[in-house]
file protein01.pdb (PDB, C-alpha atoms and all ligand atoms)
ATOM      1  CA  MET A   1      -8.628  13.072  -0.489
ATOM      2  CA  ARG A   2      -8.303   9.486  -1.682
ATOM      3  CA  THR A   3      -7.027   6.627   0.491
ATOM      4  CA  THR A   4      -5.619   3.516  -1.181
ATOM      5  CA  ALA A   5      -4.390   0.346   0.513
ATOM      6  CA  ILE A   6      -1.756  -1.751  -1.274
ATOM      7  CA  PHE A   7      -2.573  -5.303  -0.263
ATOM      8  CA  SER A   8      -2.091  -8.906  -1.256
ATOM      9  CA  TYR A   9      -1.780 -12.121   0.734
ATOM     10  CA  LYS A  10       1.576 -12.879  -0.801
ATOM     11  CA  GLY A  11       4.870 -11.399   0.289
ATOM     12  CA  GLY A  12       7.429 -10.329  -2.278
ATOM     13  CA  VAL A  13       4.926  -9.253  -4.931
ATOM     14  CA  GLY A  14       5.954  -5.588  -4.916
ATOM     15  CA  LYS A  15       3.529  -4.063  -2.407
ATOM     16  CA  THR A  16       6.134  -1.904  -0.691
ATOM     17  CA  THR A  17       7.903  -1.041  -3.951
ATOM     18  CA  THR A  18       4.552   0.071  -5.370
ATOM     19  CA  ALA A  19       3.552   2.009  -2.248
ATOM     20  CA  ILE A  20       6.869   3.890  -2.178
ATOM     21  CA  ASN A  21       7.096   4.644  -5.885
ATOM     22  CA  LEU A  22       3.436   5.508  -6.428
ATOM     23  CA  ALA A  23       3.561   7.807  -3.391
ATOM     24  CA  ALA A  24       6.819   9.403  -4.607
ATOM     25  CA  GLU A  25       5.459   9.880  -8.116
ATOM     26  CA  LEU A  26       2.273  11.532  -6.822
ATOM     27  CA  ALA A  27       4.346  13.789  -4.563
ATOM     28  CA  ALA A  28       6.621  14.760  -7.458
ATOM     29  CA  ARG A  29       3.505  15.868  -9.334
ATOM     30  CA  GLY A  30       2.690  18.315  -6.573
ATOM     31  CA  GLN A  31       0.183  16.191  -4.668
ATOM     32  CA  LEU A  32       0.470  16.104  -0.881
ATOM     33  CA  VAL A  33       0.843  12.433   0.033
ATOM     34  CA  VAL A  34       0.840  10.609   3.353
ATOM     35  CA  LEU A  35       2.321   7.103   3.200
ATOM     36  CA  ILE A  36       1.199   4.869   6.069
ATOM     37  CA  ASP A  37       3.502   1.927   6.783
ATOM     38  CA  ALA A  38       1.158  -0.683   8.244
ATOM     39  CA  ASP A  39       3.666  -3.551   7.981
ATOM     40  CA  GLY A  40       5.622  -4.642  11.074
ATOM     41  CA  GLN A  41       8.543  -5.416   8.772
ATOM     42  CA  CYS A  42       9.012  -1.638   8.516
ATOM     43  CA  ASN A  43      10.404  -1.733   4.952
ATOM     44  CA  ALA A  44       8.907   1.601   3.873
ATOM     45  CA  THR A  45       9.815   3.163   7.223
ATOM     46  CA  ASP A  46      13.432   2.056   6.924
ATOM     47  CA  PHE A  47      13.565   3.115   3.289
ATOM     48  CA  PHE A  48      12.740   6.672   4.364
ATOM     49  CA  GLU A  49      14.752   6.378   7.615
ATOM     50  CA  ALA A  50      11.657   7.431   9.494
ATOM     51  CA  ARG A  51      11.889   5.488  12.758
ATOM     52  CA  ASP A  52      11.462   7.221  16.128
ATOM     53  CA  GLU A  53      10.587  10.540  14.628
ATOM     54  CA  SER A  54       6.845  10.632  15.066
ATOM     55  CA  GLY A  55       3.958   8.609  16.418
ATOM     56  CA  THR A  56       3.536   5.195  14.789
ATOM     57  CA  VAL A  57       0.791   2.980  13.375
ATOM     58  CA  TYR A  58       1.196   0.797  16.481
ATOM     59  CA  GLU A  59       0.382   3.737  18.725
ATOM     60  CA  LEU A  60      -2.639   4.571  16.609
ATOM     61  CA  LEU A  61      -3.976   1.018  16.856
ATOM     62  CA  THR A  62      -3.282   0.493  20.542
ATOM     63  CA  CYS A  63      -4.084   3.857  22.140
ATOM     64  CA  PRO A  64      -7.811   4.228  21.633
ATOM     65  CA  GLY A  65      -8.915   7.682  22.547
ATOM     66  CA  ALA A  66      -5.368   9.007  22.701
ATOM     67  CA  ASP A  67      -5.654  12.686  22.196
ATOM     68  CA  ALA A  68      -2.644  13.243  19.982
ATOM     69  CA  SER A  69      -3.073  15.527  17.019
ATOM     70  CA  VAL A  70      -2.696  14.288  13.459
ATOM     71  CA  ALA A  71       0.618  16.129  13.206
ATOM     72  CA  TYR A  72       2.063  13.927  15.977
ATOM     73  CA  TYR A  73       1.929  10.921  13.631
ATOM     74  CA  LEU A  74       3.418  12.574  10.569
ATOM     75  CA  GLY A  75       7.120  11.894  10.022
ATOM     76  CA  THR A  76       9.251  13.339   7.261
ATOM     77  CA  THR A  77      10.745  11.426   4.337
ATOM     78  CA  GLY A  78      13.274  13.988   3.130
ATOM     79  CA  ARG A  79      11.049  14.470   0.078
ATOM     80  CA  GLU A  80       8.818  17.403  -0.693
ATOM     81  CA  ASN A  81       5.065  16.730  -0.388
ATOM     82  CA  LEU A  82       5.627  13.257   1.075
ATOM     83  CA  LEU A  83       5.032  12.452   4.748
ATOM     84  CA  ILE A  84       5.017   9.061   6.481
ATOM     85  CA  VAL A  85       3.276   7.481   9.424
ATOM     86  CA  PRO A  86       5.997   5.002  10.323
ATOM     87  CA  SER A  87       5.797   1.422  11.452
ATOM     88  CA  SER A  88       7.784  -0.034  14.348
ATOM     89  CA  ASP A  89       8.945  -3.495  15.390
ATOM     90  CA  GLU A  90       6.201  -3.709  18.000
ATOM     91  CA  LEU A  91       3.558  -3.552  15.226
ATOM     92  CA  ALA A  92       4.330  -7.224  14.581
ATOM     93  CA  THR A  93       2.909  -7.970  18.056
ATOM     94  CA  VAL A  94      -0.611  -6.719  17.323
ATOM     95  CA  GLU A  95      -1.499 -10.137  15.934
ATOM     96  CA  LEU A  96      -0.737 -11.594  19.372
ATOM     97  CA  ARG A  97      -2.686  -8.844  21.071
ATOM     98  CA  ALA A  98      -5.660  -9.563  18.841
ATOM     99  CA  VAL A  99      -6.110 -13.017  20.385
ATOM    100  CA  GLU A 100      -5.988 -11.695  23.947
ATOM    101  CA  GLN A 101      -9.233 -11.783  25.840
ATOM    102  CA  ASP A 102     -10.321  -8.237  25.161
ATOM    103  CA  GLY A 103      -8.802  -8.096  21.683
ATOM    104  CA  GLY A 104      -5.810  -6.365  23.266
ATOM    105  CA  ARG A 105      -7.907  -3.228  23.052
ATOM    106  CA  LEU A 106      -7.000  -2.797  19.415
ATOM    107  CA  ASN A 107      -8.755   0.055  17.732
ATOM    108  CA  LEU A 108      -9.479  -1.197  14.215
ATOM    109  CA  THR A 109     -11.140   2.069  13.238
ATOM    110  CA  ALA A 110      -8.094   4.112  14.284
ATOM    111  CA  LEU A 111      -6.701   4.457  10.757
ATOM    112  CA  ARG A 112     -10.094   5.492   9.480
ATOM    113  CA  GLY A 113     -10.333   8.122  12.237
ATOM    114  CA  PHE A 114      -6.843   9.317  11.364
ATOM    115  CA  CYS A 115      -7.688   9.580   7.653
ATOM    116  CA  GLU A 116     -10.908  11.419   8.436
ATOM    117  CA  ALA A 117      -8.933  13.917  10.504
ATOM    118  CA  LEU A 118      -6.465  14.355   7.616
ATOM    119  CA  ALA A 119      -9.369  14.920   5.221
ATOM    120  CA  GLU A 120     -10.850  17.504   7.568
ATOM    121  CA  ASP A 121      -7.552  19.390   7.622
ATOM    122  CA  GLY A 122      -7.997  19.597   3.863
ATOM    123  CA  GLU A 123      -4.317  19.578   2.863
ATOM    124  CA  THR A 124      -3.653  15.932   2.015
ATOM    125  CA  ASP A 125      -4.506  14.711  -1.484
ATOM    126  CA  PHE A 126      -3.615  11.018  -1.224
ATOM    127  CA  VAL A 127      -3.022   8.467   1.529
ATOM    128  CA  ILE A 128      -1.217   5.282   0.470
ATOM    129  CA  ILE A 129      -1.199   2.398   2.971
ATOM    130  CA  ASP A 130       1.447  -0.327   2.651
ATOM    131  CA  CYS A 131      -0.052  -3.510   4.160
ATOM    132  CA  PRO A 132       1.558  -6.719   5.451
ATOM    133  CA  PRO A 133       0.965  -9.931   3.458
ATOM    134  CA  SER A 134      -1.820 -11.217   5.723
ATOM    135  CA  PHE A 135      -5.238 -10.276   6.991
ATOM    136  CA  ALA A 136      -3.644  -9.006  10.198
ATOM    137  CA  PRO A 137      -5.423  -6.460  12.433
ATOM    138  CA  GLN A 138      -3.491  -3.631  10.796
ATOM    139  CA  THR A 139      -4.703  -4.842   7.373
ATOM    140  CA  VAL A 140      -8.282  -4.820   8.652
ATOM    141  CA  ALA A 141      -7.701  -1.285   9.947
ATOM    142  CA  ALA A 142      -6.267  -0.277   6.552
ATOM    143  CA  LEU A 143      -9.201  -1.741   4.597
ATOM    144  CA  VAL A 144     -11.662  -0.077   6.964
ATOM    145  CA  ALA A 145      -9.938   3.260   6.262
ATOM    146  CA  ALA A 146      -9.463   2.889   2.505
ATOM    147  CA  ASP A 147     -11.529   4.048  -0.448
ATOM    148  CA  ASP A 148      -9.901   1.433  -2.630
ATOM    149  CA  VAL A 149      -7.268  -1.303  -2.862
ATOM    150  CA  ILE A 150      -4.498  -1.981  -5.356
ATOM    151  CA  VAL A 151      -3.607  -5.688  -5.426
ATOM    152  CA  PRO A 152      -0.130  -6.460  -6.806
ATOM    153  CA  VAL A 153       0.275  -9.966  -8.227
ATOM    154  CA  THR A 154       3.283 -11.639  -9.805
ATOM    155  CA  PRO A 155       3.119 -14.013 -12.765
ATOM    156  CA  ASP A 156       2.656 -17.448 -11.293
ATOM    157  CA  ASN A 157       0.182 -20.207 -10.807
ATOM    158  CA  TRP A 158      -0.929 -19.083  -7.355
ATOM    159  CA  SER A 159      -1.980 -15.562  -8.216
ATOM    160  CA  MET A 160      -5.535 -16.558  -9.121
ATOM    161  CA  SER A 161      -6.082 -18.573  -5.926
ATOM    162  CA  GLY A 162      -4.766 -15.568  -3.956
ATOM    163  CA  LEU A 163      -7.474 -13.464  -5.552
ATOM    164  CA  ARG A 164     -10.179 -15.896  -4.418
ATOM    165  CA  ASP A 165      -9.004 -15.519  -0.811
ATOM    166  CA  LEU A 166      -9.021 -11.777  -1.296
ATOM    167  CA  THR A 167     -12.726 -11.775  -2.120
ATOM    168  CA  ILE A 168     -13.461 -13.181   1.327
ATOM    169  CA  SER A 169     -11.353 -10.523   3.075
ATOM    170  CA  LEU A 170     -12.786  -7.677   1.038
ATOM    171  CA  ASN A 171     -16.322  -8.812   1.771
ATOM    172  CA  GLY A 172     -15.428  -8.970   5.461
ATOM    173  CA  ALA A 173     -13.965  -5.468   5.392
ATOM    174  CA  ARG A 174     -16.982  -4.157   3.489
ATOM    175  CA  ARG A 175     -19.217  -4.940   6.456
ATOM    176  CA  ALA A 176     -17.450  -2.069   8.222
ATOM    177  CA  ASN A 177     -16.603  -0.086   5.086
ATOM    178  CA  PRO A 178     -19.201  -0.565   2.333
ATOM    179  CA  ARG A 179     -17.531   1.972   0.019
ATOM    180  CA  LEU A 180     -14.330  -0.097  -0.361
ATOM    181  CA  ARG A 181     -13.550  -0.744  -4.049
ATOM    182  CA  VAL A 182     -10.825  -2.587  -5.923
ATOM    183  CA  ALA A 183      -8.896   0.079  -7.826
ATOM    184  CA  GLY A 184      -7.281  -2.756  -9.695
ATOM    185  CA  VAL A 185      -5.084  -5.797  -9.733
ATOM    186  CA  LEU A 186      -1.557  -4.767 -10.721
ATOM    187  CA  LEU A 187       0.661  -7.249 -12.545
ATOM    188  CA  THR A 188       4.215  -6.780 -11.265
ATOM    189  CA  LYS A 189       7.553  -8.410 -12.130
ATOM    190  CA  LYS A 190       6.256  -9.012 -15.629
ATOM    191  CA  ASP A 191       8.805 -10.512 -18.008
ATOM    192  CA  ALA A 192       8.739 -11.967 -21.504
ATOM    193  CA  SER A 193       7.980 -15.518 -20.329
ATOM    194  CA  ALA A 194       4.970 -17.607 -21.341
ATOM    195  CA  VAL A 195       3.990 -17.769 -17.669
ATOM    196  CA  ALA A 196       3.742 -13.975 -17.495
ATOM    197  CA  ARG A 197       1.688 -13.926 -20.674
ATOM    198  CA  ASP A 198      -0.663 -16.660 -19.406
ATOM    199  CA  THR A 199      -1.035 -14.991 -16.018
ATOM    200  CA  GLU A 200      -1.892 -11.668 -17.606
ATOM    201  CA  ARG A 201      -4.478 -13.284 -19.888
ATOM    202  CA  ALA A 202      -6.046 -15.209 -16.990
ATOM    203  CA  LEU A 203      -6.212 -12.031 -14.899
ATOM    204  CA  ARG A 204      -7.805 -10.003 -17.646
ATOM    205  CA  GLU A 205     -10.393 -12.734 -18.240
ATOM    206  CA  SER A 206     -11.084 -13.196 -14.544
ATOM    207  CA  GLY A 207     -13.668 -10.485 -14.059
ATOM    208  CA  TRP A 208     -11.429  -8.627 -11.611
ATOM    209  CA  PRO A 209     -10.623  -5.037 -12.497
ATOM    210  CA  VAL A 210      -7.054  -5.217 -13.780
ATOM    211  CA  LEU A 211      -5.028  -2.056 -14.247
ATOM    212  CA  ASP A 212      -3.829  -1.396 -17.801
ATOM    213  CA  ALA A 213      -0.451  -0.439 -16.370
ATOM    214  CA  THR A 214       1.872  -3.339 -15.609
ATOM    215  CA  ILE A 215       5.249  -3.269 -13.884
ATOM    216  CA  ARG A 216       8.121  -5.052 -15.583
ATOM    217  CA  ALA A 217      10.652  -7.254 -13.829
ATOM    218  CA  SER A 218      13.767  -5.205 -13.130
ATOM    219  CA  SER A 219      16.799  -5.172 -10.875
ATOM    220  CA  HIS A 220      16.258  -1.483 -10.084
ATOM    221  CA  PRO A 221      13.849  -1.927  -7.122
ATOM    222  CA  SER A 222      16.309  -4.182  -5.366
ATOM    223  CA  ARG A 223      19.187  -1.744  -5.939
ATOM    224  CA  CYS A 224      16.999   1.145  -4.842
ATOM    225  CA  SER A 225      16.231  -0.622  -1.573
ATOM    226  CA  PHE A 226      19.946  -0.401  -0.784
ATOM    227  CA  SER A 227      20.501   3.150  -1.964
ATOM    228  CA  ARG A 228      17.175   4.305  -0.448
ATOM    229  CA  GLN A 229      16.298   6.150  -3.610
ATOM    230  CA  THR A 230      12.997   6.046  -5.393
ATOM    231  CA  LEU A 231      12.953   4.811  -8.978
ATOM    232  CA  ARG A 232      12.449   8.351 -10.246
ATOM    233  CA  GLU A 233      15.501   9.450  -8.274
ATOM    234  CA  ALA A 234      17.818   6.584  -9.167
ATOM    235  CA  ALA A 235      16.664   5.400 -12.577
ATOM    236  CA  ARG A 236      14.452   8.053 -14.049
ATOM    237  CA  ARG A 237      14.966   6.883 -17.627
ATOM    238  CA  SER A 238      14.481   3.180 -16.938
ATOM    239  CA  GLY A 239      11.557   1.166 -18.248
ATOM    240  CA  ILE A 240      10.308   0.407 -14.764
ATOM    241  CA  ALA A 241      10.259   4.109 -13.800
ATOM    242  CA  ALA A 242       8.107   4.676 -16.902
ATOM    243  CA  ASP A 243       5.820   1.814 -15.773
ATOM    244  CA  TYR A 244       5.298   3.547 -12.427
ATOM    245  CA  ARG A 245       4.577   6.846 -14.191
ATOM    246  CA  GLU A 246       1.923   5.068 -16.252
ATOM    247  CA  LEU A 247       0.481   3.522 -13.112
ATOM    248  CA  CYS A 248       0.345   6.989 -11.550
ATOM    249  CA  ASP A 249      -1.431   8.420 -14.626
ATOM    250  CA  GLU A 250      -4.019   5.663 -14.531
ATOM    251  CA  TYR A 251      -4.432   5.908 -10.767
ATOM    252  CA  MET A 252      -5.021   9.652 -10.903
ATOM    253  CA  GLU A 253      -7.439   9.328 -13.818
ATOM    254  CA  GLY A 254      -9.477   6.832 -11.839
ATOM    255  CA  CYS A 255      -9.566   9.300  -9.015
ATOM    256  CA  TYR A 256     -13.173  10.013  -8.348
ATOM    257  CA  HIS A 257     -14.999   7.722 -10.733
ATOM    258  CA  GLY A 258     -14.780   4.108 -11.850
ATOM    259  CA  GLU A 259     -17.221   1.246 -11.961
ATOM    260  CA  ASN A 260     -15.041  -1.305 -10.238
ATOM    261  CA  GLN A 261     -16.415  -4.042  -8.064
TER     262      GLN A 261
HETATM  263  N1  LIG B   1       9.245  -5.025 -10.680
HETATM  264  C1  LIG B   1      10.137  -5.724  -9.960
HETATM  265  N2  LIG B   1      11.037  -6.520 -10.580
HETATM  266  C2  LIG B   1      11.933  -7.245  -9.887
HETATM  267  N3  LIG B   1      12.050  -7.208  -8.533
HETATM  268  C3  LIG B   1      11.181  -6.431  -7.855
HETATM  269  C4  LIG B   1      10.177  -5.654  -8.516
HETATM  270  N4  LIG B   1       9.463  -4.986  -7.575
HETATM  271  C5  LIG B   1      10.001  -5.334  -6.386
HETATM  272  N5  LIG B   1      11.033  -6.186  -6.548
HETATM  273  C6  LIG B   1      11.870  -6.809  -5.503
HETATM  274  O1  LIG B   1      11.129  -7.889  -4.956
HETATM  275  C7  LIG B   1      11.306  -7.956  -3.555
HETATM  276  C8  LIG B   1       9.968  -7.799  -2.872
HETATM  277  O2  LIG B   1       9.432  -6.515  -3.174
HETATM  278  P1  LIG B   1       8.548  -5.746  -2.108
HETATM  279  O3  LIG B   1       8.095  -4.482  -2.748
HETATM  280  O4  LIG B   1       9.260  -5.649  -0.801
HETATM  281  O5  LIG B   1       7.308  -6.752  -1.971
HETATM  282  P2  LIG B   1       6.234  -6.916  -0.786
HETATM  283  O6  LIG B   1       6.079  -5.605  -0.101
HETATM  284  O7  LIG B   1       4.985  -7.368  -1.514
HETATM  285  O8  LIG B   1       6.758  -7.988   0.115
HETATM  286  C9  LIG B   1      12.285  -6.852  -3.212
HETATM  287  O9  LIG B   1      13.583  -7.406  -3.186
HETATM  288  C10 LIG B   1      12.155  -5.878  -4.346
HETATM  289  O10 LIG B   1      13.325  -5.137  -4.547
HETATM  290 MG    MG B   2       6.250  -5.088   1.907
END
call {"tool": "encode", "arguments": {"input": "protein01.pdb", "output": "structure tokens"}}
result
Amino acid sequence: MRTTAIFSYKGGVGKTTTAINLAAELAARGQLVVLIDADGQCNATDFFEARDESGTVYELLTCPGADASVAYYLGTTGRENLLIVPSSDELATVELRAVEQDGGRLNLTALRGFCEALAEDGETDFVIIDCPPSFAPQTVAALVAADDVIVPVTPDNWSMSGLRDLTISLNGARRANPRLRVAGVLLTKKDASAVARDTERALRESGWPVLDATIRASSHPSRCSFSRQTLREAARRSGIAADYRELCDEYMEGCYHGENQ
């Protein structure tokens, strides 16, 4: 089993779009995938209409020692091979709880424990964790649980400074999870502009592992967020659906090897 967190400090860079469509593509290829929605904005949860159906990430983080089975947290998505641990509005409050005197009794190893239990069951192939755009407690919990991170960035001047901040967070998370790797930086919303070209060049010269696959700018993700269809369902023949297939190929190839930092 491989666990991948989709994380960046910036909102709107395509984290949720990537989590949903990479998870859906893996599932369509016969892999059993669990998507964990660790963002209090609940975008992935609402996309799959998965509220109130199962236990949530909030419950996992706030009920240390709760004796619920793994199955209690697994909601359905209406898609074969794809299950979801949903988010909930209250997840946005864990940042407040974290500053309470006793840390609000947050269990930052809860997602790791959950993933270990999934691995022991032996059925799940991939866990994809959609993170919020900050180093919130649920992001820490995700990075403590993950084998690797995919970092979506959009073409602009701030993407490189975002990566510098990321180094600090990753090093922090590695104190609890030394095996954490960067699967790759993923350039999203790529268009034909000079800015996109310059950003891509700067990324590839930066020393960060950058995925060969890039995701083009497209109106499909926005439309799909309304229709609640994945790109392969709504726009199978589009360029951006092909980009996500390429990402999936590369992601699966890099499955159990890779020399990334
Ligand atoms: N490749 C893309 N091209 C154009 N718009 C995109 C692309 N990927 C995502 N979007 C749109 O950008 C917005 C933010 O995407 P989202 O995946 O929610 O980002 P994040 O989770 O990082 O905040 C959404 O409106 C989404 O539909
Ligand atoms: Mg998101």
call {"tool": "resolve_selection", "arguments": {"input": "protein01.pdb", "expression": "the PyMOL selection byres (((chain A and resi 184-187) around 6) and not hetatm)", "output": "PyMOL selection string"}}
result
chain A and resi 150-154+182-183+188+209-211+214
call {"tool": "write_last_selection", "arguments": {"input": "protein01.pdb", "atoms": "C-alpha atoms", "output": "short mmCIF file (atom, residue, chain, number, x, y, z; two decimals), in the frame of the given file"}}
result
data_model
loop_
_atom_site.label_atom_id
_atom_site.label_comp_id
_atom_site.auth_asym_id
_atom_site.auth_seq_id
_atom_site.Cartn_x
_atom_site.Cartn_y
_atom_site.Cartn_z
CA ILE A 150 -4.50 -1.98 -5.36
CA VAL A 151 -3.61 -5.69 -5.43
CA PRO A 152 -0.13 -6.46 -6.81
CA VAL A 153 0.28 -9.97 -8.23
CA THR A 154 3.28 -11.64 -9.80
CA VAL A 182 -10.82 -2.59 -5.92
CA ALA A 183 -8.90 0.08 -7.83
CA THR A 188 4.22 -6.78 -11.26
CA PRO A 209 -10.62 -5.04 -12.50
CA VAL A 210 -7.05 -5.22 -13.78
CA LEU A 211 -5.03 -2.06 -14.25
CA THR A 214 1.87 -3.34 -15.61
#
call {"tool": "residues_around", "arguments": {"input": "protein01.pdb", "residues": "Leu143 in chain A", "least_positions_apart": "5", "cutoff": "10 Å", "atoms": "only C-alpha atoms", "output": "count of residues only"}}
result
25
call {"tool": "closest_residue", "arguments": {"input": "protein01.pdb", "among": "A:Pro132, A:Gly207, A:Gly30, A:Pro155", "to": "ligand MG 2 (chain B)", "atoms": "all atoms listed in the file"}}
result
A:Pro132
call {"tool": "residues_near_ligand", "arguments": {"input": "protein01.pdb", "ligand": "ligand MG 2 (chain B)", "cutoff": "10 Å", "atoms": "only C-alpha atoms and all ligand atoms", "output": "PyMOL selection string"}}
result
chain A and resi 6-8+10-20+37-44+130-133
call {"tool": "axis_aligned_box", "arguments": {"input": "protein01.pdb", "around": "ligand LIG 1 (chain B)", "padding_each_side": "5 Å", "output": "lines of an AutoDock Vina configuration file"}}
result
center_x = 9.3
center_y = -6.2
center_z = -5.3
size_x = 18.6
size_y = 13.5
size_z = 20.8
call {"tool": "residues_around", "arguments": {"input": "protein01.pdb", "residues": "range 46-50 of chain A", "least_positions_apart": "6", "cutoff": "9 Å", "atoms": "all atoms listed in the file", "output": "PyMOL selection string"}}
result
chain A and resi 20+75-78+84-87+225-229
call {"tool": "residues_around", "arguments": {"input": "protein01.pdb", "residues": "range 59-62 of chain A", "least_positions_apart": "3", "cutoff": "7 Å", "atoms": "only C-alpha atoms", "output": "MDAnalysis selection string"}}
result
chainID A and resid 55:56 105:108 110
call {"tool": "atom_distance", "arguments": {"input": "protein01.pdb", "atom1": "CA of Arg29 in chain A", "atom2": "CA of Glu246 in chain A"}}
result
12.9 Å
